[in-house]
$ cat structure.txt   # compact mmCIF, C-alpha atoms
# COMPACT_ATOMS: atom_id res chain seq x y z
CA MET P 1 -26.64 -11.35 -14.28
CA LEU P 2 -29.97 -9.90 -13.10
CA GLN P 3 -31.76 -11.82 -15.85
CA ILE P 4 -30.34 -15.15 -14.73
CA PHE P 5 -31.59 -14.61 -11.17
CA LYS P 6 -35.15 -14.16 -12.48
CA ASN P 7 -35.03 -17.91 -13.02
CA ARG P 8 -36.27 -19.08 -9.59
CA ASN P 9 -34.85 -22.57 -10.03
CA PHE P 10 -31.40 -21.13 -10.62
CA LEU P 11 -31.82 -18.90 -7.57
CA TRP P 12 -32.64 -21.86 -5.29
CA LEU P 13 -29.76 -23.96 -6.64
CA PHE P 14 -27.37 -21.01 -6.39
CA LEU P 15 -28.31 -20.36 -2.75
CA ALA P 16 -28.13 -24.07 -1.95
CA ASN P 17 -24.62 -24.28 -3.37
CA PHE P 18 -23.53 -21.20 -1.42
CA THR P 19 -25.04 -22.43 1.85
CA SER P 20 -23.53 -25.88 1.56
CA GLN P 21 -20.05 -24.61 0.72
CA LEU P 22 -20.00 -21.90 3.39
CA GLY P 23 -21.00 -24.28 6.17
CA SER P 24 -18.55 -26.92 5.04
CA VAL P 25 -15.68 -24.43 5.08
CA VAL P 26 -16.62 -23.24 8.59
CA GLY P 27 -16.60 -26.77 9.96
CA MET P 28 -13.46 -27.95 8.19
CA THR P 29 -11.51 -24.79 9.09
CA ALA P 30 -12.38 -25.24 12.76
CA PHE P 31 -11.52 -28.96 12.67
CA MET P 32 -8.15 -28.23 11.05
CA LEU P 33 -7.33 -25.62 13.75
CA TYR P 34 -8.51 -28.06 16.43
CA LEU P 35 -6.01 -30.65 15.19
CA LEU P 36 -3.16 -28.16 14.83
CA ARG P 37 -3.75 -26.90 18.37
CA LYS P 38 -4.33 -30.23 20.11
CA PHE P 39 -1.74 -32.21 18.12
CA SER P 40 0.75 -29.46 17.33
CA ASN P 41 3.63 -31.95 17.10
CA GLN P 42 1.79 -34.03 14.51
CA PRO P 43 1.16 -31.88 11.40
CA SER P 44 0.37 -35.08 9.53
CA TYR P 45 -3.08 -35.09 11.20
CA ALA P 46 -4.03 -31.95 9.26
CA THR P 47 -2.91 -33.63 6.05
CA ILE P 48 -4.86 -36.79 6.93
CA THR P 49 -7.97 -34.64 7.32
CA GLU P 50 -7.56 -33.47 3.72
CA LEU P 51 -6.96 -37.06 2.62
CA MET P 52 -10.29 -38.08 4.17
CA TYR P 53 -11.85 -35.53 1.82
CA THR P 54 -10.14 -36.79 -1.32
CA LEU P 55 -9.76 -40.57 -0.95
CA PRO P 56 -13.46 -41.59 -1.18
CA MET P 57 -13.64 -40.50 -4.80
CA LEU P 58 -11.06 -43.12 -5.71
CA PHE P 59 -13.58 -45.78 -4.63
CA LEU P 60 -16.70 -44.13 -6.05
CA PHE P 61 -15.55 -42.54 -9.32
CA PHE P 62 -17.26 -45.15 -11.51
CA LEU P 63 -20.62 -44.55 -9.77
CA VAL P 64 -21.06 -40.78 -9.32
CA GLY P 65 -21.43 -39.91 -12.99
CA VAL P 66 -23.69 -42.88 -13.76
CA PHE P 67 -25.94 -42.00 -10.81
CA ALA P 68 -26.25 -38.38 -12.00
CA ASP P 69 -27.24 -39.47 -15.51
CA ARG P 70 -29.53 -42.38 -14.62
CA LEU P 71 -31.24 -41.35 -11.35
CA ASN P 72 -33.19 -38.25 -10.34
CA ARG P 73 -30.57 -35.49 -10.18
CA LYS P 74 -32.60 -33.34 -7.82
CA LYS P 75 -33.04 -36.16 -5.30
CA ILE P 76 -29.34 -37.03 -5.46
CA ALA P 77 -28.28 -33.47 -4.59
CA MET P 78 -30.97 -33.15 -1.91
CA TYR P 79 -30.22 -36.46 -0.18
CA CYS P 80 -26.47 -35.75 -0.28
CA ASP P 81 -27.12 -32.68 1.86
CA TYR P 82 -29.42 -34.46 4.32
CA ILE P 83 -27.11 -37.45 4.77
CA SER P 84 -24.12 -35.11 5.20
CA ALA P 85 -26.04 -33.30 7.94
CA PHE P 86 -26.68 -36.59 9.74
CA LEU P 87 -23.01 -37.58 9.50
CA SER P 88 -22.02 -34.15 10.82
CA VAL P 89 -24.01 -34.91 13.98
CA ILE P 90 -22.10 -38.19 14.34
CA LEU P 91 -18.84 -36.29 13.76
CA LEU P 92 -19.76 -33.89 16.54
CA MET P 93 -20.25 -36.80 18.94
CA THR P 94 -16.85 -38.33 18.09
CA ILE P 95 -15.09 -35.00 18.61
CA MET P 96 -16.75 -34.52 21.99
CA GLN P 97 -15.47 -37.96 23.02
CA ASP P 98 -11.96 -37.34 21.59
CA TRP P 99 -12.31 -40.32 19.24
CA ILE P 100 -9.96 -38.79 16.69
CA PHE P 101 -9.55 -41.81 14.41
CA ILE P 102 -13.31 -42.44 14.35
CA SER P 103 -13.68 -38.76 13.44
CA PHE P 104 -11.44 -39.40 10.43
CA CYS P 105 -13.69 -42.32 9.44
CA ILE P 106 -16.83 -40.15 9.66
CA LEU P 107 -15.12 -37.48 7.56
CA PHE P 108 -14.33 -40.19 5.01
CA LEU P 109 -17.99 -41.28 4.86
CA ARG P 110 -19.31 -37.71 4.68
CA SER P 111 -16.90 -36.90 1.91
CA GLY P 112 -17.97 -40.00 0.00
CA VAL P 113 -21.61 -38.90 0.15
CA SER P 114 -20.75 -35.34 -0.90
CA LYS P 115 -18.97 -36.57 -4.04
CA PHE P 116 -22.36 -37.37 -5.59
CA PHE P 117 -23.52 -33.77 -5.13
CA GLN P 118 -21.42 -31.90 -7.69
CA PRO P 119 -22.18 -33.95 -10.84
CA ALA P 120 -25.91 -33.85 -10.04
CA GLN P 121 -25.94 -30.12 -9.23
CA SER P 122 -23.88 -29.19 -12.31
CA SER P 123 -26.19 -31.24 -14.52
CA LEU P 124 -29.25 -29.51 -13.06
CA LEU P 125 -27.75 -26.08 -13.76
CA GLN P 126 -26.98 -27.03 -17.34
CA GLY P 127 -30.60 -28.06 -17.81
CA ILE P 128 -32.17 -24.82 -16.54
CA LEU P 129 -29.85 -22.36 -18.35
CA THR P 130 -29.47 -21.29 -21.96
CA GLU P 131 -26.11 -21.58 -23.69
CA ASP P 132 -25.36 -17.85 -23.50
CA GLN P 133 -25.87 -17.97 -19.72
CA TYR P 134 -23.19 -20.59 -19.03
CA ALA P 135 -20.33 -18.10 -18.70
CA THR P 136 -22.48 -15.91 -16.43
CA SER P 137 -23.27 -18.95 -14.28
CA ALA P 138 -19.56 -19.81 -14.09
CA GLY P 139 -18.84 -16.26 -12.96
CA LEU P 140 -21.52 -16.48 -10.27
CA ASN P 141 -20.11 -19.80 -9.07
CA GLN P 142 -16.79 -18.01 -8.70
CA LEU P 143 -18.54 -15.34 -6.65
CA VAL P 144 -19.85 -18.10 -4.39
CA SER P 145 -16.35 -19.50 -4.04
CA SER P 146 -14.92 -16.09 -3.26
CA LEU P 147 -17.56 -15.35 -0.65
CA PHE P 148 -17.06 -18.56 1.29
CA MET P 149 -13.29 -18.13 0.98
CA LEU P 150 -13.64 -14.57 2.20
CA PHE P 151 -15.98 -15.26 5.11
CA GLY P 152 -15.94 -19.03 5.65
CA GLY P 153 -12.38 -19.35 6.94
CA ALA P 154 -12.68 -16.23 9.07
CA ILE P 155 -16.01 -17.31 10.53
CA GLY P 156 -14.68 -20.81 11.16
CA THR P 157 -11.64 -19.42 12.97
CA ILE P 158 -13.67 -16.98 15.06
CA VAL P 159 -16.25 -19.64 15.96
CA PHE P 160 -13.38 -21.97 16.95
CA TRP P 161 -11.84 -19.26 19.14
CA LYS P 162 -15.05 -18.18 20.85
CA LEU P 163 -17.23 -21.30 20.93
CA GLY P 164 -15.03 -24.25 20.02
CA VAL P 165 -14.95 -26.79 17.24
CA GLU P 166 -18.31 -28.24 18.35
CA ALA P 167 -20.17 -25.02 17.49
CA ALA P 168 -18.53 -24.94 14.05
CA ILE P 169 -19.73 -28.49 13.33
CA ILE P 170 -23.26 -27.48 14.40
CA ILE P 171 -23.14 -24.61 11.88
CA ASP P 172 -21.94 -27.15 9.33
CA THR P 173 -24.94 -29.39 10.08
CA ILE P 174 -27.49 -26.56 9.81
CA SER P 175 -26.01 -25.42 6.50
CA PHE P 176 -26.43 -28.87 4.95
CA ILE P 177 -30.06 -29.04 6.09
CA LEU P 178 -30.79 -25.58 4.67
CA SER P 179 -29.11 -26.46 1.38
CA GLY P 180 -31.21 -29.61 1.08
CA LEU P 181 -34.40 -27.64 1.72
CA LEU P 182 -33.51 -25.09 -0.97
CA ILE P 183 -32.98 -27.85 -3.51
CA GLN P 184 -36.20 -29.52 -2.44
CA ILE P 185 -38.35 -26.43 -3.19
CA ALA P 186 -36.94 -26.05 -6.72
CA LYS P 187 -39.53 -27.06 -9.32
CA LEU P 188 -37.72 -28.96 -12.06
CA SER P 189 -39.18 -30.89 -14.97
CA LYS P 190 -38.43 -34.56 -15.62
CA GLU P 191 -36.43 -33.53 -18.71
CA ILE P 192 -33.99 -31.80 -16.32
CA THR P 193 -33.98 -34.26 -13.43
CA ASN P 194 -34.15 -37.44 -15.55
CA PRO P 195 -32.83 -36.66 -19.07
CA ASN P 196 -32.15 -40.35 -19.73
CA GLY P 197 -35.52 -41.57 -18.52
CA HIS P 198 -36.74 -42.84 -15.17
CA HIS P 199 -34.55 -45.36 -13.35
CA THR P 200 -34.28 -46.67 -9.81
CA LEU P 201 -31.37 -48.07 -7.83
CA LYS P 202 -32.61 -51.57 -8.66
CA ASP P 203 -32.16 -50.79 -12.37
CA LEU P 204 -28.49 -49.90 -11.92
CA LYS P 205 -27.09 -53.37 -12.26
CA PHE P 206 -23.40 -53.93 -12.70
CA SER P 207 -23.71 -54.40 -16.46
CA LEU P 208 -25.53 -51.07 -16.88
CA VAL P 209 -23.07 -49.21 -14.64
CA LEU P 210 -20.16 -50.70 -16.60
CA LYS P 211 -21.82 -49.81 -19.93
CA ASP P 212 -22.44 -46.19 -18.90
CA PHE P 213 -18.97 -45.87 -17.43
CA LYS P 214 -17.44 -47.12 -20.67
CA GLU P 215 -19.66 -44.77 -22.68
CA GLY P 216 -18.30 -41.84 -20.66
CA ILE P 217 -14.71 -42.85 -21.47
CA VAL P 218 -15.51 -43.22 -25.17
CA TYR P 219 -17.25 -39.86 -25.23
CA ILE P 220 -14.23 -38.08 -23.68
CA LEU P 221 -11.65 -39.86 -25.85
CA ASN P 222 -13.55 -39.08 -29.06
CA HIS P 223 -14.02 -35.42 -28.16
CA SER P 224 -10.71 -33.71 -28.94
CA LEU P 225 -11.24 -30.51 -26.97
CA LEU P 226 -12.70 -32.28 -23.96
CA ARG P 227 -9.86 -34.80 -23.96
CA SER P 228 -7.28 -32.02 -24.11
CA LEU P 229 -8.86 -30.12 -21.22
CA LEU P 230 -9.15 -33.17 -18.98
CA SER P 231 -5.60 -34.31 -19.62
CA GLY P 232 -4.35 -31.22 -17.79
CA PHE P 233 -6.59 -31.81 -14.80
CA PHE P 234 -4.23 -34.35 -13.23
CA LEU P 235 -1.88 -31.56 -12.21
CA PHE P 236 -4.83 -29.61 -10.80
CA GLY P 237 -4.94 -32.26 -8.08
CA VAL P 238 -1.35 -31.50 -7.15
CA ILE P 239 -2.33 -27.84 -6.95
CA ASN P 240 -5.39 -28.49 -4.77
CA GLY P 241 -3.45 -30.77 -2.45
CA GLY P 242 -0.75 -28.18 -1.92
CA PHE P 243 -3.13 -25.25 -1.48
CA SER P 244 -5.14 -27.09 1.15
CA VAL P 245 -2.23 -27.13 3.64
CA MET P 246 0.40 -24.62 2.43
CA PRO P 247 -0.95 -21.44 4.12
CA SER P 248 -1.33 -23.15 7.51
CA PHE P 249 2.10 -24.75 7.32
CA ILE P 250 4.07 -21.72 6.13
CA LEU P 251 2.57 -19.55 8.87
CA LYS P 252 2.83 -22.05 11.73
CA TYR P 253 6.27 -23.44 10.90
CA LYS P 254 8.04 -20.49 9.25
CA LEU P 255 6.56 -17.00 9.19
CA ALA P 256 4.40 -16.61 12.32
CA PRO P 257 4.40 -19.61 14.70
CA ASP P 258 2.99 -17.57 17.59
CA ASN P 259 -0.03 -15.99 15.89
CA TYR P 260 -0.65 -18.13 12.80
CA GLU P 261 -4.34 -18.64 13.63
CA GLU P 262 -5.02 -14.91 13.50
CA LEU P 263 -3.04 -14.49 10.30
CA LEU P 264 -4.96 -17.33 8.66
CA ILE P 265 -8.01 -15.07 8.88
CA TYR P 266 -6.15 -12.31 7.06
CA ILE P 267 -5.01 -14.76 4.39
CA GLY P 268 -8.60 -15.93 3.95
CA VAL P 269 -9.82 -12.35 3.64
CA ALA P 270 -7.02 -11.42 1.21
CA PHE P 271 -7.48 -14.50 -0.96
CA GLY P 272 -11.28 -14.26 -0.85
CA THR P 273 -11.20 -10.55 -1.73
CA GLY P 274 -8.93 -11.35 -4.65
CA VAL P 275 -11.27 -14.09 -5.86
CA LEU P 276 -14.27 -11.77 -5.47
CA LEU P 277 -12.65 -9.07 -7.61
CA GLY P 278 -11.26 -11.65 -10.00
CA SER P 279 -14.73 -13.13 -10.47
CA ILE P 280 -16.05 -9.75 -11.57
CA VAL P 281 -13.08 -9.14 -13.86
CA GLY P 282 -13.29 -12.68 -15.25
CA SER P 283 -17.00 -12.34 -16.02
CA MET P 284 -16.27 -9.14 -17.97
CA LEU P 285 -13.33 -10.71 -19.82
CA ALA P 286 -15.48 -13.70 -20.83
CA LYS P 287 -17.56 -11.34 -22.99
CA LYS P 288 -14.53 -9.88 -24.77
CA MET P 289 -11.81 -12.53 -24.70
CA GLN P 290 -11.55 -16.08 -26.00
CA LEU P 291 -12.04 -18.54 -23.15
CA GLN P 292 -8.91 -20.54 -23.98
CA ASN P 293 -6.76 -17.42 -23.69
CA MET P 294 -8.23 -16.65 -20.27
CA ILE P 295 -7.33 -20.16 -19.11
CA ILE P 296 -3.78 -20.13 -20.51
CA ILE P 297 -2.75 -16.67 -19.30
CA GLY P 298 -4.32 -17.17 -15.88
CA LEU P 299 -2.57 -20.51 -15.27
CA ILE P 300 0.90 -19.30 -16.21
CA ILE P 301 0.75 -16.06 -14.22
CA SER P 302 -0.80 -17.63 -11.11
CA GLY P 303 1.84 -20.38 -11.17
CA LEU P 304 4.65 -17.86 -11.10
CA CYS P 305 2.95 -16.01 -8.23
CA VAL P 306 2.64 -19.20 -6.16
CA ILE P 307 6.38 -19.85 -6.56
CA ALA P 308 7.22 -16.29 -5.54
CA GLY P 309 4.87 -16.47 -2.55
CA GLY P 310 6.62 -19.55 -1.22
CA PHE P 311 9.84 -17.59 -0.75
CA SER P 312 8.16 -14.78 1.22
CA THR P 313 10.11 -13.59 4.25
CA SER P 314 7.23 -11.92 6.09
CA PRO P 315 3.53 -12.65 6.69
CA LEU P 316 2.56 -9.39 4.96
CA ALA P 317 4.36 -10.38 1.77
CA TYR P 318 2.72 -13.80 1.78
CA ILE P 319 -0.73 -12.29 2.32
CA LEU P 320 -0.13 -9.95 -0.63
CA TRP P 321 0.83 -12.85 -2.89
CA GLN P 322 -2.32 -14.72 -1.80
CA PHE P 323 -4.42 -11.73 -2.84
CA ILE P 324 -2.76 -11.65 -6.28
CA ILE P 325 -3.22 -15.40 -6.74
CA GLY P 326 -6.87 -15.09 -5.71
CA LEU P 327 -7.32 -12.30 -8.25
CA ILE P 328 -6.02 -14.44 -11.13
CA LEU P 329 -7.42 -17.93 -10.49
CA PRO P 330 -11.11 -17.01 -11.10
CA ILE P 331 -10.21 -16.04 -14.65
CA VAL P 332 -9.08 -19.63 -15.19
CA ASN P 333 -12.13 -21.15 -13.53
CA ILE P 334 -14.59 -18.96 -15.41
CA GLY P 335 -12.91 -19.89 -18.67
CA ILE P 336 -13.19 -23.61 -17.94
CA GLY P 337 -16.67 -23.32 -16.38
CA GLY P 338 -18.01 -21.38 -19.34
CA TRP P 339 -16.59 -23.84 -21.83
CA PHE P 340 -17.65 -27.18 -20.40
CA PRO P 341 -21.45 -26.89 -20.73
CA LYS P 342 -21.04 -25.77 -24.35
CA ILE P 343 -19.07 -28.83 -25.44
CA VAL P 344 -20.76 -31.56 -23.37
CA GLU P 345 -24.20 -32.94 -24.20
CA LYS P 346 -26.79 -32.66 -21.44
CA ARG P 347 -27.38 -36.40 -21.33
CA MET P 348 -23.64 -37.00 -20.79
CA MET P 349 -22.83 -34.25 -18.29
CA GLY P 350 -23.01 -36.52 -15.25
CA ARG P 351 -20.60 -39.07 -16.68
CA VAL P 352 -18.17 -36.39 -17.81
CA GLN P 353 -18.34 -34.67 -14.42
CA GLY P 354 -17.87 -38.09 -12.88
CA TRP P 355 -14.45 -38.33 -14.53
CA ILE P 356 -13.25 -34.84 -13.56
CA GLN P 357 -13.18 -35.40 -9.81
CA PRO P 358 -11.33 -38.77 -9.80
CA ILE P 359 -8.66 -37.38 -12.13
CA ILE P 360 -8.09 -34.44 -9.81
CA LEU P 361 -8.54 -36.28 -6.54
CA LEU P 362 -6.19 -39.12 -7.50
CA SER P 363 -3.28 -36.73 -7.87
CA GLN P 364 -4.52 -34.69 -4.89
CA SER P 365 -4.49 -37.78 -2.68
CA ILE P 366 -1.01 -38.74 -3.89
CA THR P 367 0.20 -35.20 -3.18
CA LEU P 368 -1.27 -35.13 0.33
CA GLY P 369 0.18 -38.56 1.05
CA LEU P 370 3.64 -37.42 -0.01
CA ILE P 371 3.31 -34.25 2.07
CA ALA P 372 2.33 -36.32 5.13
CA LEU P 373 5.37 -38.55 4.61
CA PHE P 374 8.04 -36.01 3.67
CA TYR P 375 7.03 -32.71 5.31
CA PRO P 376 8.88 -31.23 7.11
CA ALA P 377 11.72 -33.76 7.38
CA ILE P 378 12.63 -33.76 3.67
CA LEU P 379 10.25 -31.47 1.80
CA LYS P 380 10.65 -27.80 2.74
CA ILE P 381 7.75 -25.36 2.52
CA GLU P 382 9.46 -23.26 -0.19
CA TRP P 383 9.78 -26.26 -2.47
CA LEU P 384 6.20 -27.29 -1.83
CA HIS P 385 5.13 -23.89 -3.20
CA ALA P 386 7.54 -24.31 -6.11
CA ILE P 387 6.05 -27.70 -7.04
CA VAL P 388 2.49 -26.35 -6.95
CA GLY P 389 3.35 -23.19 -8.88
CA LEU P 390 5.28 -25.13 -11.50
CA SER P 391 2.31 -27.46 -11.95
CA LEU P 392 0.04 -24.49 -12.68
CA SER P 393 2.44 -23.05 -15.24
CA ILE P 394 3.02 -26.42 -16.91
CA VAL P 395 -0.71 -26.87 -17.47
CA GLY P 396 -0.85 -23.33 -18.88
CA VAL P 397 1.96 -24.02 -21.35
CA TYR P 398 0.36 -27.33 -22.35
CA TYR P 399 -2.98 -25.65 -23.01
CA PHE P 400 -1.14 -22.93 -24.99
CA LEU P 401 0.20 -25.64 -27.31
CA VAL P 402 -3.09 -27.55 -27.63
CA LEU P 403 -6.24 -25.47 -27.11
CA PRO P 404 -5.93 -22.61 -29.64
CA LYS P 405 -6.26 -24.96 -32.60
CA TYR P 406 -9.80 -25.86 -31.57
CA MET P 407 -12.32 -23.31 -32.81
CA LYS P 408 -16.03 -23.17 -32.02
CA THR P 409 -16.97 -24.97 -35.23
CA ASP P 410 -14.54 -27.76 -34.41
CA MET P 411 -16.22 -28.21 -31.01
CA SER P 412 -19.66 -28.51 -32.61
CA ASN P 413 -18.45 -30.98 -35.23
CA ALA P 414 -16.69 -33.08 -32.61
CA ALA P 415 -19.84 -33.21 -30.49
CA VAL P 416 -21.96 -34.35 -33.45
CA GLU P 417 -19.45 -37.02 -34.46
CA THR P 418 -19.21 -38.30 -30.93
CA GLU P 419 -22.99 -38.53 -30.58
CA ARG P 420 -23.17 -40.60 -33.75
CA SER P 421 -20.34 -42.93 -32.70
CA VAL P 422 -21.86 -43.49 -29.24
CA SER P 423 -25.33 -44.18 -30.64
CA GLN P 424 -23.87 -46.82 -32.93

$ encode --input "structure.txt" --output "structure tokens"
Amino acid sequence: MLQIFKNRNFLWLFLANFTSQLGSVVGMTAFMLYLLRKFSNQPSYATITELMYTLPMLFLFFLVGVFADRLNRKKIAMYCDYISAFLSVILLMTIMQDWIFISFCILFLRSGVSKFFQPAQSSLLQGILTEDQYATSAGLNQLVSSLFMLFGGAIGTIVFWKLGVEAAIIIDTISFILSGLLIQIAKLSKEITNPNGHHTLKDLKFSLVLKDFKEGIVYILNHSLLRSLLSGFFLFGVINGGFSVMPSFILKYKLAPDNYEELLIYIGVAFGTGVLLGSIVGSMLAKKMQLQNMIIIGLIISGLCVIAGGFSTSPLAYILWQFIIGLILPIVNIGIGGWFPKIVEKRMMGRVQGWIQPIILLSQSITLGLIALFYPAILKIEWLHAIVGLSLSIVGVYYFLVLPKYMKTDMSNAAVETERSVSQ
């Protein structure tokens, strides 16, 4: 871990990722609480906020991966941050004027811009690391996630209490600017930023975009292990959609309606602490345990814990379950994060990453839409937890039946065969 941080480019990208995520969580947490407080009789507004985060990908999925593979990856990530900062300023103005539906539109635009960030940033990381550092990088990314889960929600809630939602959006804006600056100072070669040669926006004609998009599909379909992993990602969207609103809803409408805002901080701390510890444990397990076993065991156990947590009868019990879930999920993420860069060619990483988000966000958007329509009139909070937990366990069982038959040599052979078929 110390060795990987000696790579200055990794250090700048790592800090940029942390800064961007932390600020985003602060702003979104405050905005969610603002809606729940001001429109307490309309819980659908909180769900709509999450939809504004997921829906843009359904319109942009065929572009994000192609952009990351054809254009300068560093500039994509950097400009995503700067444009997001500008849109955050506009969002602040709409909130101050109580233009709630325009605020949703700005969130939609900002989310659309941010969707180009992840494929570009992931591709840059793959280019500056060696293969034996991928699992370590995945563990560090989990540490980032745990830290902003641990502190981001709590900071967002405290800032909302003390200074209001406007101050949280200002923090959001500053974080995007700082992230963009950190990416800008990274010194990356053209082989990393433009692995497929130099292109401009004018070069990305419809025929080229369609060709690259098709090439990404062919690459995934011809790669057995990659195809198997991605086929389980649809249910990950159901999981993400449920997790984004379940803690707020179960506290406000069942366990602690009078002090749910305070308890949300404790849930964030418990879950973030679990993820922090789980990231350390997962990084250690990645050196001693097959990655597919980490993924399978983690999914099944965490699914059962989510179901049990949904039937909690006290806030303390729910907080405890959140800690346990947070402890287990990083093991899954490190397993997947350590595997992907090993089985995907560098020149194709953007297009592969470009397919991951739409698969997840399609089901996430459907889930959030159904929650907005059926909660709480038809869908009870216990069954929402049951659906999410069952989805986790189903993916775990599916991976148990599929993944173990793919060994490391099979991955290498599949990658070589795919490269030949694509080149033809």

$ atom_distance --input "structure.txt" --atom1 "CA of Val281 in chain P" --atom2 "CA of Gly338 in chain P"
14.3 Å

$ closest_residue --input "structure.txt" --among "P:Phe108, P:Val66, P:Lys190, P:Gln292" --to "Leu208 in chain P" --atoms "all atoms listed in the file"
P:Val66

$ residues_around --input "structure.txt" --residues "Tyr53 in chain P" --least-positions-apart "4" --cutoff "9 Å" --atoms "only C-alpha atoms" --output "number ranges by chain"
P: 48-49, 57, 107-112, 365

$ closest_residue --input "structure.txt" --among "P:Ile319, P:Ala85, P:Leu11, P:Val209" --to "Ser175 in chain P" --atoms "all atoms listed in the file"
P:Ala85

$ closest_residue --input "structure.txt" --among "P:Ile102, P:Leu276, P:Ile324, P:Ala317" --to "Leu251 in chain P" --atoms "all atoms listed in the file"
P:Ala317

$ atom_distance --input "structure.txt" --atom1 "CA of Trp383 in chain P" --atom2 "CA of Gly268 in chain P"
22.0 Å

$ atom_distance --input "structure.txt" --atom1 "CA of Ile158 in chain P" --atom2 "CA of Gly309 in chain P"
25.6 Å

$ closest_residue --input "structure.txt" --among "P:Leu129, P:Leu55, P:Asn9, P:Leu188" --to "Leu362 in chain P" --atoms "only C-alpha atoms"
P:Leu55

$ residues_around --input "structure.txt" --residues "Leu329 in chain P" --least-positions-apart "3" --cutoff "7 Å" --atoms "only C-alpha atoms" --output "ChimeraX atom specification"
/P:298,302,325-326,332-333

$ residues_near_point --input "structure.txt" --point "(0.2, -25.0, 6.5)" --cutoff "10 Å" --atoms "all atoms listed in the file" --output "VMD selection string"
chain P and resid 36 43 46 to 47 242 to 254 260 264 381
